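J.: Have a look at this one before I ask anything.
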Amino acid sequence: RIQCPSSTTASMSRNVGRDKLTHKNRAESKPLIQQYHVHKAILSVGPRRSDYFATLFKQSHLSECATSTSHISLEDSAATAFPAILDYIYNDKKIKFSTKNATAIRHMAHYFGIRSLWKCASAYIRGDFSLETAATYLTESIIYHDEKLEHASIDILAERIEEINRRTLTKLPPASFERIVSSPKLKCRSKKLSDIVLKYCQTQGDAVDMTLLMKCTRSEVMPSVSRKAALPLLKVAVAEEERAGVNLSDTNNVLRARCVEACVEEWKETLAKPLLALESRDKNISRILGANSIEHRDLPLALQVELLEKALCAAKVELDDVKAELLYREDQVEKLLKNCKTKTIIPLSEC
């Protein structure tokens with residue numbers, strides 16, 4: 001807060017938002033207002049002047065001039081950075097930029113017409129922008145409608161989604177996550193993507209609806225599902241279908257069909273292993289197998305039957321393949337033994 005004589009100052013107010021207020025005082029429902037007493041001459045004159053205020057102070061017919069007060073509503077990150085902007089104008093101080101405040105500062109520099117500050121903020125963002133900071137810049141760019149920065153953030157997150165920390169991804173709002181997965185720049189292996197989508201669904205819970213799930217798991221980007229994600233993702237798909245009041249079991253290329261296929265392909269791990277572990281009376285065997293529950297029993301009964309029937313068929317095919325391999329090897333052994341018996345041994349002549 002900058003104090004100065006009332007005859008030469010204008011008073012500006014800022015709204016720091018309800019979220020931060022709720023954290024400080026849950027009893028309050030009104031937004032927090034802060035006042036800054038500043039000099040008109042300093043705001044409107046000089047190399048770091050504000051074109052916004054320079055123009056405003058010339059409009060004598062406006063209420064701001066009559067009351068010497070300008071009311072400005074700001075987002076949380078902008079409100080937090082606002083004192084630093086005043087210091088920049090007043091004291092020629094360098095602003096301490098960070099990933100969290102750079103977008104807000106650049107937005108305010110543009111809004112208030114502080115050209116030198118806008119250039120400084122833009123230079124910082126260009127140097128700071130990377131895979132590690134892109135998620136923060138995406139969130140901030142959406143708040144301040146910075147489309148160029150928003151698209152750049154989406155592109156790098158989509159291109160290198162496999163390298164991003166899972167916690168960073170799961171903190172993104174559903175709309176941002178959907179845009180990343182739907183981006184034409186997306187580069188991600190199908191099974192890896194299924195693991196990422198599963199983690200996001202488990203973290204976000206009810207925030208993920210049927211529409212989002214179908215967009216993020218469409219067959220074009222996720223033709224197959226990993227063994228680890230198959231059964232949990234199948235449960236998510238069934239739950240979302242029930243919540244949406246639809247049944248997509250007979251629809252081609254839906255998520256549940258790919259999950260069932262992955263479960264059946266890895267029937268030993270996903271179906272047989274948990275059953276053997278929990279049905280075994282030997283605690284050591286159960287511990288070695290490492291299964292704590294039979295997840296497929298949480299599915300609708302018809303889906304359980306489908307899974308087990310297909311698993312039986314897969315086991316039968318695998319067993320037939322093993323038998324065929326054994327017969328082939330026995331045949332090869334018999335041929336080798338027969339050749340050994342008929343082979344003639346010729347003694348070496350004496351030198």
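Every chain in the structure tokens has a letter given in the order shown (A, B, ...), and although residue numbers restart at 1 in each chain, ligands are simply numbered from 1 in the order shown.
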Give me the residues within 8 Å of Arg160 in chain A as an NGL selection string, counting only C-alpha atoms and dropping any in the same chain fewer than 4 places off.
T.: :A and (131 or 156 or 164 or 186-188)
J.: May I ask which of the residues A:Ala102, A:Leu56, A:Leu169, A:Leu32 is the closest one to Ser77 in chain A, counting only C-alpha atoms?
T.: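 Of all the options, A:Ala102 lies closest to Ser77 in chain A.
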J.: Please indicate the distance in Å from CA of Gln202 in chain A to CA of Ile143 in chain A, rounded to one decimal place.
T.: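 Atom-to-atom, CA of Gln202 in chain A to CA of Ile143 in chain A, that is 25.8 Å.
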J.: Among the residues of range 21-133 of chain A, find those DSSP assigns to helix (DSSP H, G or I) from the backbone and print them as a PyMOL selection string.
T.: chain A and resi 21-24+40-44+51-56+63-67+76-91+102-112+115-128+131-133
J.: For Leu172 in chain A, find every residue with an atom within 12 Å (counting only C-alpha atoms), except residues of its own chain fewer than 2 positions away, and show them as a PyMOL selection string.
T.: chain A and resi 134-140+142+154+157+165-170+174-180+200-201+203-204+207-208
J.: Using only C-alpha atoms, which residues sit within 9 Å of range 194-199 of chain A once same-chain residues fewer than 4 positions away are excluded, as a ChimeraX atom specification?
T.: /A:161-162,166,169-170,189-190,203-204,213,216-217,222,224-226,228-230,232-233,236
J.: Tell me which protein, DNA and RNA residues are within 9 Å of range 115-129 of chain A, counting only C-alpha atoms, leaving out same-chain ones fewer than 3 positions away, and put them as a list in words.
T.: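 Surrounding residues, per the criterion: Pro47, Arg48, Arg49, Ser50, Asp51, Ile85, Tyr88, Ile95, Phe97, Ser98, Thr99, Ala102, Thr103, Ile105, Arg106, His107, Met108, Ala109, His110, Phe112, Glu132, Thr133, Ala134, Tyr137 and Ser153 of chain A.
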J.: Could you dump the residues just selected with C-alpha atoms as a PDB file, in the first residue's frame?
T.:
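Produced file result-v3.pdb, reproduced below:
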```pdb
ATOM      1  CA  PRO A  47       8.613   5.864 -19.240  1.00  0.00           C
ATOM      2  CA  ARG A  48       6.640   3.396 -17.113  1.00  0.00           C
ATOM      3  CA  ARG A  49       3.347   5.242 -17.245  1.00  0.00           C
ATOM      4  CA  SER A  50      -0.007   3.555 -17.693  1.00  0.00           C
ATOM      5  CA  ASP A  51      -1.749   4.551 -20.926  1.00  0.00           C
ATOM      6  CA  ILE A  85       3.093  -3.561 -10.694  1.00  0.00           C
ATOM      7  CA  TYR A  88       7.373  -1.195 -10.934  1.00  0.00           C
ATOM      8  CA  ILE A  95       9.396  -7.381 -10.963  1.00  0.00           C
ATOM      9  CA  PHE A  97       8.410 -12.950 -12.272  1.00  0.00           C
ATOM     10  CA  SER A  98       7.374 -16.558 -11.704  1.00  0.00           C
ATOM     11  CA  THR A  99       5.499 -19.188 -13.661  1.00  0.00           C
ATOM     12  CA  ALA A 102       3.858 -13.985 -15.394  1.00  0.00           C
ATOM     13  CA  THR A 103       0.649 -14.455 -17.389  1.00  0.00           C
ATOM     14  CA  ILE A 105       1.262  -9.561 -15.056  1.00  0.00           C
ATOM     15  CA  ARG A 106       1.400  -9.589 -18.845  1.00  0.00           C
ATOM     16  CA  HIS A 107      -2.392  -9.402 -18.990  1.00  0.00           C
ATOM     17  CA  MET A 108      -2.480  -6.408 -16.643  1.00  0.00           C
ATOM     18  CA  ALA A 109       0.397  -4.757 -18.492  1.00  0.00           C
ATOM     19  CA  HIS A 110      -1.681  -5.015 -21.671  1.00  0.00           C
ATOM     20  CA  PHE A 112      -3.311  -0.890 -18.254  1.00  0.00           C
ATOM     21  CA  GLU A 132       7.389 -28.528 -16.630  1.00  0.00           C
ATOM     22  CA  THR A 133       5.638 -25.139 -16.664  1.00  0.00           C
ATOM     23  CA  ALA A 134       3.160 -25.669 -19.508  1.00  0.00           C
ATOM     24  CA  TYR A 137       0.628 -21.545 -18.214  1.00  0.00           C
ATOM     25  CA  SER A 153       0.639 -25.064 -23.854  1.00  0.00           C
TER      26      SER A 153
END
```
J.: Rounded to one decimal in Å, what is the spacing between CA of Lys94 in chain A and CA of Phe57 in chain A?
T.: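 Going from CA of Lys94 in chain A over to CA of Phe57 in chain A covers 26.1 Å.
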J.: Hey, can you check how far CA of Leu337 in chain A sits from CA of Glu318 in chain A?
T.: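 Atom-to-atom, CA of Leu337 in chain A to CA of Glu318 in chain A, that is 28.8 Å.
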J.: Give the answer as one residue: which of A:Lys192, A:Lys185, A:His151, A:His71 has the shortest atom-to-atom distance to Glu163 in chain A, using only C-alpha atoms?
T.: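 Ranked by minimum distance to Glu163 in chain A, first place goes to A:Lys192.
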